[in-house]
$ cat model13.txt   # compact mmCIF, N, CA, C and O atoms
# COMPACT_ATOMS: atom_id res chain seq x y z
N MET A 18 44.73 -9.24 181.83
CA MET A 18 45.34 -8.67 180.67
C MET A 18 45.01 -9.46 179.43
O MET A 18 44.90 -8.91 178.34
N ALA A 19 44.86 -10.79 179.57
CA ALA A 19 44.56 -11.62 178.41
C ALA A 19 43.18 -11.28 177.84
O ALA A 19 42.96 -11.39 176.64
N LEU A 20 42.27 -10.88 178.71
CA LEU A 20 40.94 -10.49 178.24
C LEU A 20 41.03 -9.27 177.34
O LEU A 20 40.39 -9.22 176.29
N TRP A 21 41.85 -8.30 177.71
CA TRP A 21 42.00 -7.11 176.88
C TRP A 21 42.67 -7.42 175.56
O TRP A 21 42.35 -6.84 174.54
N ASN A 22 43.63 -8.35 175.57
CA ASN A 22 44.26 -8.77 174.32
C ASN A 22 43.25 -9.48 173.42
O ASN A 22 43.30 -9.34 172.21
N GLY A 23 42.37 -10.23 174.02
CA GLY A 23 41.35 -10.92 173.25
C GLY A 23 40.31 -9.99 172.65
O GLY A 23 39.67 -10.33 171.65
N MET A 24 40.15 -8.81 173.22
CA MET A 24 39.16 -7.87 172.71
C MET A 24 39.64 -7.18 171.43
O MET A 24 38.86 -6.60 170.71
N ARG A 25 40.95 -7.25 171.15
CA ARG A 25 41.49 -6.57 169.98
C ARG A 25 41.53 -7.46 168.74
O ARG A 25 42.32 -7.26 167.86
N LEU A 26 40.70 -8.47 168.68
CA LEU A 26 40.68 -9.37 167.54
C LEU A 26 40.02 -8.70 166.33
O LEU A 26 39.11 -7.89 166.48
N ARG A 27 40.50 -9.06 165.15
CA ARG A 27 39.90 -8.54 163.93
C ARG A 27 38.74 -9.44 163.53
O ARG A 27 38.95 -10.52 162.99
N VAL A 28 37.55 -9.02 163.82
CA VAL A 28 36.36 -9.79 163.49
C VAL A 28 35.52 -8.96 162.53
O VAL A 28 35.11 -7.86 162.85
N SER A 29 35.28 -9.52 161.35
CA SER A 29 34.46 -8.82 160.38
C SER A 29 33.04 -9.35 160.43
O SER A 29 32.78 -10.45 160.91
N LEU A 30 32.11 -8.57 159.91
CA LEU A 30 30.71 -8.97 159.89
C LEU A 30 30.53 -10.21 159.02
O LEU A 30 29.76 -11.12 159.38
N ALA A 31 31.24 -10.29 157.91
CA ALA A 31 31.14 -11.46 157.03
C ALA A 31 31.61 -12.72 157.74
O ALA A 31 31.00 -13.79 157.60
N PHE A 32 32.67 -12.62 158.53
CA PHE A 32 33.16 -13.78 159.28
C PHE A 32 32.14 -14.23 160.32
O PHE A 32 31.88 -15.42 160.46
N VAL A 33 31.56 -13.29 161.02
CA VAL A 33 30.58 -13.63 162.05
C VAL A 33 29.34 -14.29 161.44
O VAL A 33 28.86 -15.31 161.94
N ILE A 34 28.85 -13.75 160.33
CA ILE A 34 27.69 -14.33 159.67
C ILE A 34 28.01 -15.72 159.14
O ILE A 34 27.21 -16.66 159.28
N ALA A 35 29.19 -15.88 158.56
CA ALA A 35 29.57 -17.19 158.04
C ALA A 35 29.72 -18.22 159.16
O ALA A 35 29.32 -19.38 158.99
N ILE A 36 30.27 -17.82 160.29
CA ILE A 36 30.41 -18.75 161.43
C ILE A 36 29.03 -19.13 161.96
O ILE A 36 28.79 -20.28 162.33
N GLN A 37 28.10 -18.18 162.01
CA GLN A 37 26.75 -18.50 162.46
C GLN A 37 26.08 -19.49 161.51
O GLN A 37 25.39 -20.42 161.95
N CYS A 38 26.26 -19.30 160.21
CA CYS A 38 25.71 -20.24 159.23
C CYS A 38 26.37 -21.61 159.35
O CYS A 38 25.69 -22.64 159.28
N LEU A 39 27.68 -21.62 159.58
CA LEU A 39 28.39 -22.87 159.79
C LEU A 39 27.87 -23.59 161.03
O LEU A 39 27.66 -24.80 161.02
N GLN A 40 27.64 -22.84 162.08
CA GLN A 40 27.12 -23.44 163.30
C GLN A 40 25.73 -24.00 163.09
O GLN A 40 25.40 -25.07 163.59
N ALA A 41 24.90 -23.32 162.32
CA ALA A 41 23.55 -23.80 162.04
C ALA A 41 23.59 -25.09 161.24
O ALA A 41 22.87 -26.05 161.56
N VAL A 42 24.43 -25.16 160.22
CA VAL A 42 24.53 -26.37 159.41
C VAL A 42 25.11 -27.52 160.24
O VAL A 42 24.62 -28.65 160.19
N HIS A 43 26.14 -27.24 161.02
CA HIS A 43 26.76 -28.26 161.85
C HIS A 43 25.78 -28.79 162.89
O HIS A 43 25.65 -30.00 163.08
N GLY A 44 25.07 -27.89 163.55
CA GLY A 44 24.09 -28.31 164.55
C GLY A 44 22.92 -29.08 163.94
O GLY A 44 22.45 -30.07 164.50
N TYR A 45 22.46 -28.64 162.76
CA TYR A 45 21.34 -29.32 162.11
C TYR A 45 21.72 -30.73 161.67
O TYR A 45 20.96 -31.68 161.89
N THR A 46 22.90 -30.87 161.06
CA THR A 46 23.31 -32.22 160.65
C THR A 46 23.55 -33.12 161.85
O THR A 46 23.23 -34.31 161.80
N TRP A 47 24.10 -32.55 162.92
CA TRP A 47 24.28 -33.34 164.14
C TRP A 47 22.93 -33.80 164.67
O TRP A 47 22.76 -34.95 165.06
N TRP A 48 21.95 -32.91 164.68
CA TRP A 48 20.64 -33.25 165.20
C TRP A 48 19.94 -34.30 164.33
O TRP A 48 19.28 -35.20 164.83
N MET A 49 20.12 -34.21 163.01
CA MET A 49 19.51 -35.20 162.11
C MET A 49 20.16 -36.58 162.27
O MET A 49 19.48 -37.59 162.16
N LEU A 50 21.45 -36.60 162.55
CA LEU A 50 22.14 -37.88 162.70
C LEU A 50 21.98 -38.48 164.09
O LEU A 50 21.83 -39.70 164.24
N PHE A 51 22.02 -37.64 165.12
CA PHE A 51 22.06 -38.14 166.50
C PHE A 51 20.95 -37.55 167.36
O PHE A 51 21.17 -37.22 168.52
N SER A 52 19.74 -37.44 166.83
CA SER A 52 18.66 -36.84 167.61
C SER A 52 18.25 -37.71 168.79
O SER A 52 17.69 -37.21 169.76
N GLY A 53 18.56 -38.98 168.74
CA GLY A 53 18.23 -39.87 169.85
C GLY A 53 19.05 -39.62 171.10
O GLY A 53 18.69 -40.09 172.17
N LEU A 54 20.13 -38.89 170.97
CA LEU A 54 20.97 -38.61 172.14
C LEU A 54 20.37 -37.54 173.05
O LEU A 54 20.77 -37.42 174.19
N GLY A 55 19.46 -36.76 172.53
CA GLY A 55 18.84 -35.73 173.34
C GLY A 55 19.37 -34.34 173.03
O GLY A 55 20.34 -34.17 172.30
N LEU A 56 18.69 -33.38 173.60
CA LEU A 56 19.01 -31.98 173.33
C LEU A 56 20.38 -31.57 173.86
O LEU A 56 21.06 -30.75 173.26
N TRP A 57 20.82 -32.18 174.95
CA TRP A 57 22.11 -31.83 175.53
C TRP A 57 23.26 -32.11 174.58
O TRP A 57 24.31 -31.51 174.69
N SER A 58 23.07 -33.05 173.65
CA SER A 58 24.16 -33.43 172.75
C SER A 58 24.49 -32.33 171.74
O SER A 58 25.53 -32.38 171.09
N LEU A 59 23.62 -31.33 171.60
CA LEU A 59 23.92 -30.21 170.69
C LEU A 59 25.06 -29.34 171.20
O LEU A 59 25.58 -28.53 170.45
N SER A 60 25.45 -29.53 172.43
CA SER A 60 26.58 -28.76 172.95
C SER A 60 27.88 -29.15 172.24
O SER A 60 28.79 -28.32 172.13
N LEU A 61 27.97 -30.35 171.73
CA LEU A 61 29.19 -30.77 171.05
C LEU A 61 29.43 -30.02 169.75
O LEU A 61 30.50 -29.44 169.58
N PRO A 62 28.47 -29.96 168.80
CA PRO A 62 28.77 -29.19 167.59
C PRO A 62 28.88 -27.69 167.83
O PRO A 62 29.64 -27.00 167.15
N VAL A 63 28.14 -27.18 168.79
CA VAL A 63 28.24 -25.75 169.10
C VAL A 63 29.62 -25.42 169.65
O VAL A 63 30.28 -24.48 169.20
N SER A 64 30.10 -26.23 170.58
CA SER A 64 31.43 -26.01 171.15
C SER A 64 32.51 -26.17 170.09
O SER A 64 33.47 -25.40 170.06
N ALA A 65 32.36 -27.17 169.22
CA ALA A 65 33.37 -27.40 168.19
C ALA A 65 33.39 -26.26 167.18
O ALA A 65 34.46 -25.82 166.74
N THR A 66 32.22 -25.75 166.79
CA THR A 66 32.17 -24.67 165.82
C THR A 66 32.80 -23.40 166.37
O THR A 66 33.65 -22.78 165.71
N TYR A 67 32.42 -23.01 167.56
CA TYR A 67 32.99 -21.80 168.13
C TYR A 67 34.43 -22.00 168.57
O TYR A 67 35.22 -21.06 168.59
N GLY A 68 34.81 -23.24 168.88
CA GLY A 68 36.21 -23.53 169.16
C GLY A 68 37.07 -23.35 167.92
O GLY A 68 38.17 -22.80 167.98
N GLY A 69 36.56 -23.81 166.77
CA GLY A 69 37.28 -23.60 165.51
C GLY A 69 37.42 -22.13 165.17
O GLY A 69 38.48 -21.67 164.73
N ALA A 70 36.35 -21.37 165.40
CA ALA A 70 36.41 -19.92 165.14
C ALA A 70 37.39 -19.24 166.09
O ALA A 70 38.14 -18.35 165.69
N ALA A 71 37.42 -19.67 167.35
CA ALA A 71 38.34 -19.08 168.31
C ALA A 71 39.79 -19.38 167.94
O ALA A 71 40.67 -18.51 168.09
N ILE A 72 40.06 -20.58 167.43
CA ILE A 72 41.42 -20.93 167.02
C ILE A 72 41.85 -20.08 165.83
O ILE A 72 42.98 -19.60 165.77
N VAL A 73 40.93 -19.86 164.88
CA VAL A 73 41.25 -19.02 163.73
C VAL A 73 41.52 -17.58 164.17
O VAL A 73 42.46 -16.94 163.70
N LEU A 74 40.70 -17.07 165.07
CA LEU A 74 40.93 -15.71 165.56
C LEU A 74 42.23 -15.61 166.34
O LEU A 74 42.94 -14.60 166.27
N ARG A 75 42.56 -16.64 167.07
CA ARG A 75 43.81 -16.65 167.82
C ARG A 75 45.01 -16.70 166.86
O ARG A 75 46.04 -16.07 167.10
N ASP A 76 44.87 -17.47 165.77
CA ASP A 76 45.92 -17.49 164.74
C ASP A 76 46.12 -16.11 164.15
O ASP A 76 47.26 -15.70 163.90
N ASP A 77 45.03 -15.40 163.92
CA ASP A 77 45.12 -14.06 163.36
C ASP A 77 45.87 -13.13 164.30
O ASP A 77 46.67 -12.31 163.88
N GLU A 78 45.61 -13.27 165.59
CA GLU A 78 46.30 -12.44 166.58
C GLU A 78 47.77 -12.82 166.68
O GLU A 78 48.62 -11.96 166.92
N ALA A 79 48.09 -14.10 166.45
CA ALA A 79 49.47 -14.56 166.54
C ALA A 79 50.30 -14.16 165.32
O ALA A 79 51.50 -14.35 165.31
N GLY A 80 49.64 -13.65 164.28
CA GLY A 80 50.39 -13.18 163.13
C GLY A 80 50.17 -13.96 161.85
O GLY A 80 50.69 -13.59 160.81
N TYR A 81 49.41 -15.05 161.90
CA TYR A 81 49.12 -15.79 160.67
C TYR A 81 48.07 -15.02 159.89
O TYR A 81 47.04 -14.64 160.42
N ARG A 82 48.31 -14.82 158.63
CA ARG A 82 47.39 -14.05 157.79
C ARG A 82 46.71 -14.98 156.80
O ARG A 82 47.36 -15.74 156.10
N TYR A 83 45.40 -14.90 156.74
CA TYR A 83 44.62 -15.67 155.78
C TYR A 83 44.38 -14.80 154.55
O TYR A 83 44.33 -13.58 154.63
N THR A 84 44.18 -15.44 153.41
CA THR A 84 44.04 -14.69 152.17
C THR A 84 42.71 -13.97 152.07
O THR A 84 42.62 -12.94 151.41
N SER A 85 41.68 -14.51 152.71
CA SER A 85 40.37 -13.87 152.64
C SER A 85 39.52 -14.34 153.81
O SER A 85 39.91 -15.22 154.58
N VAL A 86 38.34 -13.76 153.92
CA VAL A 86 37.38 -14.19 154.94
C VAL A 86 36.94 -15.62 154.65
O VAL A 86 36.74 -16.43 155.56
N PHE A 87 36.82 -15.94 153.36
CA PHE A 87 36.41 -17.29 152.97
C PHE A 87 37.43 -18.32 153.45
O PHE A 87 37.06 -19.40 153.93
N ALA A 88 38.71 -18.01 153.36
CA ALA A 88 39.75 -18.93 153.84
C ALA A 88 39.68 -19.09 155.35
O ALA A 88 39.88 -20.19 155.87
N ARG A 89 39.38 -18.01 156.05
CA ARG A 89 39.23 -18.10 157.51
C ARG A 89 38.06 -18.99 157.89
O ARG A 89 38.15 -19.80 158.80
N VAL A 90 36.94 -18.85 157.15
CA VAL A 90 35.75 -19.66 157.44
C VAL A 90 36.01 -21.13 157.13
O VAL A 90 35.62 -22.01 157.90
N LEU A 91 36.66 -21.41 156.00
CA LEU A 91 36.96 -22.80 155.66
C LEU A 91 37.92 -23.43 156.67
O LEU A 91 37.77 -24.61 157.02
N THR A 92 38.87 -22.67 157.15
CA THR A 92 39.78 -23.18 158.17
C THR A 92 39.03 -23.45 159.47
O THR A 92 39.23 -24.49 160.12
N ALA A 93 38.14 -22.55 159.85
CA ALA A 93 37.33 -22.77 161.05
C ALA A 93 36.42 -23.98 160.89
O ALA A 93 36.23 -24.76 161.83
N ALA A 94 35.87 -24.19 159.68
CA ALA A 94 35.02 -25.35 159.44
C ALA A 94 35.83 -26.64 159.54
O ALA A 94 35.36 -27.64 160.13
N PHE A 95 37.03 -26.65 158.98
CA PHE A 95 37.87 -27.84 159.05
C PHE A 95 38.24 -28.16 160.50
O PHE A 95 38.17 -29.31 160.93
N ILE A 96 38.61 -27.15 161.26
CA ILE A 96 38.95 -27.36 162.67
C ILE A 96 37.72 -27.83 163.44
O ILE A 96 37.81 -28.71 164.29
N SER A 97 36.56 -27.28 163.11
CA SER A 97 35.32 -27.67 163.78
C SER A 97 35.00 -29.14 163.55
O SER A 97 34.67 -29.87 164.48
N VAL A 98 35.11 -29.59 162.31
CA VAL A 98 34.85 -31.00 162.00
C VAL A 98 35.88 -31.89 162.67
O VAL A 98 35.55 -32.96 163.21
N SER A 99 37.13 -31.45 162.68
CA SER A 99 38.18 -32.23 163.33
C SER A 99 37.94 -32.35 164.83
O SER A 99 38.11 -33.43 165.41
N LEU A 100 37.55 -31.25 165.48
CA LEU A 100 37.24 -31.31 166.91
C LEU A 100 36.04 -32.21 167.19
O LEU A 100 36.04 -32.96 168.16
N THR A 101 35.03 -32.15 166.33
CA THR A 101 33.85 -33.01 166.50
C THR A 101 34.23 -34.48 166.39
O THR A 101 33.82 -35.30 167.22
N LEU A 102 35.01 -34.82 165.37
CA LEU A 102 35.43 -36.21 165.21
C LEU A 102 36.30 -36.67 166.38
O LEU A 102 36.17 -37.82 166.83
N ALA A 103 37.16 -35.80 166.87
CA ALA A 103 38.00 -36.17 168.01
C ALA A 103 37.15 -36.41 169.26
O ALA A 103 37.37 -37.39 170.00
N LEU A 104 36.15 -35.56 169.50
CA LEU A 104 35.29 -35.75 170.67
C LEU A 104 34.43 -36.99 170.55
O LEU A 104 34.25 -37.73 171.52
N VAL A 105 33.90 -37.26 169.35
CA VAL A 105 33.10 -38.47 169.15
C VAL A 105 33.97 -39.71 169.36
O VAL A 105 33.53 -40.69 169.97
N THR A 106 35.21 -39.67 168.89
CA THR A 106 36.13 -40.79 169.09
C THR A 106 36.42 -41.01 170.57
O THR A 106 36.42 -42.15 171.05
N CYS A 107 36.63 -39.93 171.31
CA CYS A 107 36.88 -40.06 172.75
C CYS A 107 35.67 -40.63 173.48
O CYS A 107 35.82 -41.49 174.36
N PHE A 108 34.47 -40.17 173.12
CA PHE A 108 33.26 -40.71 173.73
C PHE A 108 33.09 -42.19 173.39
O PHE A 108 32.73 -43.00 174.25
N ALA A 109 33.34 -42.56 172.14
CA ALA A 109 33.20 -43.96 171.73
C ALA A 109 34.21 -44.85 172.46
O ALA A 109 33.86 -45.96 172.89
N LEU A 110 35.43 -44.37 172.60
CA LEU A 110 36.43 -45.15 173.34
C LEU A 110 36.05 -45.27 174.82
O LEU A 110 36.28 -46.30 175.44
N GLY A 111 35.48 -44.21 175.37
CA GLY A 111 35.02 -44.28 176.76
C GLY A 111 33.89 -45.29 176.94
O GLY A 111 33.90 -46.06 177.91
N ILE A 112 32.96 -45.32 176.02
CA ILE A 112 31.87 -46.29 176.09
C ILE A 112 32.40 -47.70 175.90
O ILE A 112 31.98 -48.64 176.58
N LEU A 113 33.34 -47.87 174.98
CA LEU A 113 33.96 -49.18 174.78
C LEU A 113 34.70 -49.63 176.03
O LEU A 113 34.59 -50.79 176.44
N PHE A 114 35.42 -48.73 176.66
CA PHE A 114 36.15 -49.05 177.89
C PHE A 114 35.18 -49.45 179.00
O PHE A 114 35.40 -50.44 179.71
N LEU A 115 34.10 -48.67 179.15
CA LEU A 115 33.12 -49.01 180.19
C LEU A 115 32.38 -50.30 179.85
O LEU A 115 31.99 -51.05 180.75
N GLY A 116 32.20 -50.56 178.57
CA GLY A 116 31.56 -51.82 178.16
C GLY A 116 32.39 -53.04 178.49
O GLY A 116 31.86 -54.13 178.70
N CYS A 117 33.72 -52.86 178.52
CA CYS A 117 34.59 -53.98 178.89
C CYS A 117 34.37 -54.42 180.34
O CYS A 117 34.62 -55.56 180.69
N PHE A 118 33.88 -53.52 181.17
CA PHE A 118 33.62 -53.84 182.57
C PHE A 118 32.14 -54.12 182.83
O PHE A 118 31.72 -54.19 183.98
N GLY A 119 31.34 -54.21 181.77
CA GLY A 119 29.94 -54.57 181.92
C GLY A 119 29.04 -53.45 182.34
O GLY A 119 27.90 -53.69 182.76
N ILE A 120 29.48 -52.21 182.25
CA ILE A 120 28.63 -51.08 182.65
C ILE A 120 27.57 -50.83 181.59
O ILE A 120 26.41 -50.55 181.92
N PHE A 121 27.92 -50.96 180.32
CA PHE A 121 26.96 -50.81 179.23
C PHE A 121 26.62 -52.20 178.70
O PHE A 121 27.51 -52.98 178.37
N PRO A 122 25.32 -52.54 178.64
CA PRO A 122 24.97 -53.88 178.12
C PRO A 122 25.23 -53.98 176.63
O PRO A 122 25.29 -52.99 175.93
N LYS A 123 25.35 -55.22 176.17
CA LYS A 123 25.60 -55.45 174.74
C LYS A 123 24.38 -55.24 173.92
O LYS A 123 23.30 -55.31 174.21
$ encode --input "model13.txt" --output "structure tokens"
Amino acid sequence: MALWNGMRLRVSLAFVIAIQCLQAVHGYTWWMLFSGLGLWSLSLPVSATYGGAAIVLRDDEAGYRYTSVFARVLTAAFISVSLTLALVTCFALGILFLGCFGIFPK
């Protein structure tokens, strides 16, 4: 039943195009900054961007109304950057923790 509820989301063409552009910019800047991590690392900005868009769409279904498509995109971008920073922080803390036990060399 949750799948059918998810299909009734209000998605406009402008929102979809803006999210795709946001994902392209987010992925490109991630690749320029962290290209040494490899191609698999692009899953982080992609997941964060679409996660931010999914949260905004879920808010819309829950009854929160945004003033415009631009406000929805900016909210999705903010959530996307916040998710990316949270994931990078978790990875850094994990590496620091493993480094305390000598798994990662100095």
$ select_by_dssp --input "model13.txt" --residues "chain A" --states "alpha helix (DSSP H)" --output "MDAnalysis selection string"
chainID A and resid 19:24 30:51 60:79 86:117
$ closest_residue --input "model13.txt" --among "A:Ser58, A:Thr106, A:Ser29, A:Ser85" --to "Gly44 (chain A)" --atoms "all atoms listed in the file"
A:Ser58
$ residues_around --input "model13.txt" --residues "Gly69 (chain A)" --least-positions-apart "2" --cutoff "7 Å" --atoms "all atoms listed in the file" --output "list in words"
Val63, Ser64, Ala65, Thr66, Tyr67, Ala71, Ile72, Val73, Leu74, Arg75, Arg89, Thr92, Ala93, Ala94, Phe95, Ile96 and Ser97 of chain A
$ atom_distance --input "model13.txt" --atom1 "atom C of Val42 (chain A)" --atom2 "atom N of Pro62 (chain A)"
9.5 Å
$ closest_residue --input "model13.txt" --among "A:Leu61, A:Ala31, A:Ala79, A:Ala70" --to "His43 (chain A)" --atoms "only N, CA, C and O atoms"
A:Leu61
$ atom_distance --input "model13.txt" --atom1 "CA of Leu113 (chain A)" --atom2 "CA of Leu50 (chain A)"
20.3 Å
$ atom_distance --input "model13.txt" --atom1 "atom N of Ser99 (chain A)" --atom2 "atom N of Gly53 (chain A)"
20.9 Å
$ build_atoms --input "model13.txt" --residues "region 102-112 of chain A" --atoms "all heavy atoms" --output "mmCIF file, keeping the file's coordinate frame"
data_model
loop_
_atom_site.group_PDB
_atom_site.id
_atom_site.type_symbol
_atom_site.label_atom_id
_atom_site.label_comp_id
_atom_site.auth_asym_id
_atom_site.auth_seq_id
_atom_site.Cartn_x
_atom_site.Cartn_y
_atom_site.Cartn_z
ATOM 1 N N LEU A 102 35.010 -34.820 165.370
ATOM 2 C CA LEU A 102 35.430 -36.210 165.210
ATOM 3 C C LEU A 102 36.300 -36.670 166.380
ATOM 4 O O LEU A 102 36.170 -37.820 166.830
ATOM 5 C CB LEU A 102 36.170 -36.376 163.895
ATOM 6 C CG LEU A 102 35.316 -36.259 162.640
ATOM 7 C CD1 LEU A 102 36.190 -36.351 161.395
ATOM 8 C CD2 LEU A 102 34.233 -37.323 162.602
ATOM 9 N N ALA A 103 37.160 -35.800 166.870
ATOM 10 C CA ALA A 103 38.000 -36.170 168.010
ATOM 11 C C ALA A 103 37.150 -36.410 169.260
ATOM 12 O O ALA A 103 37.370 -37.390 170.000
ATOM 13 C CB ALA A 103 39.022 -35.083 168.273
ATOM 14 N N LEU A 104 36.150 -35.560 169.500
ATOM 15 C CA LEU A 104 35.290 -35.750 170.670
ATOM 16 C C LEU A 104 34.430 -36.990 170.550
ATOM 17 O O LEU A 104 34.250 -37.730 171.520
ATOM 18 C CB LEU A 104 34.425 -34.509 170.871
ATOM 19 C CG LEU A 104 35.153 -33.277 171.385
ATOM 20 C CD1 LEU A 104 34.238 -32.063 171.367
ATOM 21 C CD2 LEU A 104 35.684 -33.523 172.781
ATOM 22 N N VAL A 105 33.900 -37.260 169.350
ATOM 23 C CA VAL A 105 33.100 -38.470 169.150
ATOM 24 C C VAL A 105 33.970 -39.710 169.360
ATOM 25 O O VAL A 105 33.530 -40.690 169.970
ATOM 26 C CB VAL A 105 32.452 -38.468 167.750
ATOM 27 C CG1 VAL A 105 31.889 -39.817 167.392
ATOM 28 C CG2 VAL A 105 31.367 -37.409 167.683
ATOM 29 N N THR A 106 35.210 -39.670 168.890
ATOM 30 C CA THR A 106 36.130 -40.790 169.090
ATOM 31 C C THR A 106 36.420 -41.010 170.570
ATOM 32 O O THR A 106 36.420 -42.150 171.050
ATOM 33 C CB THR A 106 37.439 -40.538 168.324
ATOM 34 O OG1 THR A 106 37.137 -40.359 166.949
ATOM 35 C CG2 THR A 106 38.406 -41.672 168.496
ATOM 36 N N CYS A 107 36.630 -39.930 171.310
ATOM 37 C CA CYS A 107 36.880 -40.060 172.750
ATOM 38 C C CYS A 107 35.670 -40.630 173.480
ATOM 39 O O CYS A 107 35.820 -41.490 174.360
ATOM 40 C CB CYS A 107 37.263 -38.703 173.339
ATOM 41 S SG CYS A 107 38.896 -38.145 172.858
ATOM 42 N N PHE A 108 34.470 -40.170 173.120
ATOM 43 C CA PHE A 108 33.260 -40.710 173.730
ATOM 44 C C PHE A 108 33.090 -42.190 173.390
ATOM 45 O O PHE A 108 32.730 -43.000 174.250
ATOM 46 C CB PHE A 108 32.022 -39.936 173.290
ATOM 47 C CG PHE A 108 31.921 -38.563 173.866
ATOM 48 C CD1 PHE A 108 31.349 -37.551 173.137
ATOM 49 C CD2 PHE A 108 32.390 -38.269 175.134
ATOM 50 C CE1 PHE A 108 31.246 -36.264 173.652
ATOM 51 C CE2 PHE A 108 32.295 -36.990 175.661
ATOM 52 C CZ PHE A 108 31.728 -35.987 174.917
ATOM 53 N N ALA A 109 33.340 -42.560 172.140
ATOM 54 C CA ALA A 109 33.200 -43.960 171.730
ATOM 55 C C ALA A 109 34.210 -44.850 172.460
ATOM 56 O O ALA A 109 33.860 -45.960 172.890
ATOM 57 C CB ALA A 109 33.374 -44.087 170.222
ATOM 58 N N LEU A 110 35.430 -44.370 172.600
ATOM 59 C CA LEU A 110 36.430 -45.150 173.340
ATOM 60 C C LEU A 110 36.050 -45.270 174.820
ATOM 61 O O LEU A 110 36.280 -46.300 175.440
ATOM 62 C CB LEU A 110 37.812 -44.524 173.192
ATOM 63 C CG LEU A 110 38.467 -44.724 171.831
ATOM 64 C CD1 LEU A 110 39.769 -43.938 171.757
ATOM 65 C CD2 LEU A 110 38.705 -46.188 171.556
ATOM 66 N N GLY A 111 35.480 -44.210 175.370
ATOM 67 C CA GLY A 111 35.020 -44.280 176.760
ATOM 68 C C GLY A 111 33.890 -45.290 176.940
ATOM 69 O O GLY A 111 33.900 -46.060 177.910
ATOM 70 N N ILE A 112 32.960 -45.320 176.020
ATOM 71 C CA ILE A 112 31.870 -46.290 176.090
ATOM 72 C C ILE A 112 32.400 -47.700 175.900
ATOM 73 O O ILE A 112 31.980 -48.640 176.580
ATOM 74 C CB ILE A 112 30.784 -45.945 175.052
ATOM 75 C CG1 ILE A 112 30.061 -44.670 175.473
ATOM 76 C CG2 ILE A 112 29.808 -47.086 174.871
ATOM 77 C CD1 ILE A 112 29.103 -44.141 174.445
#
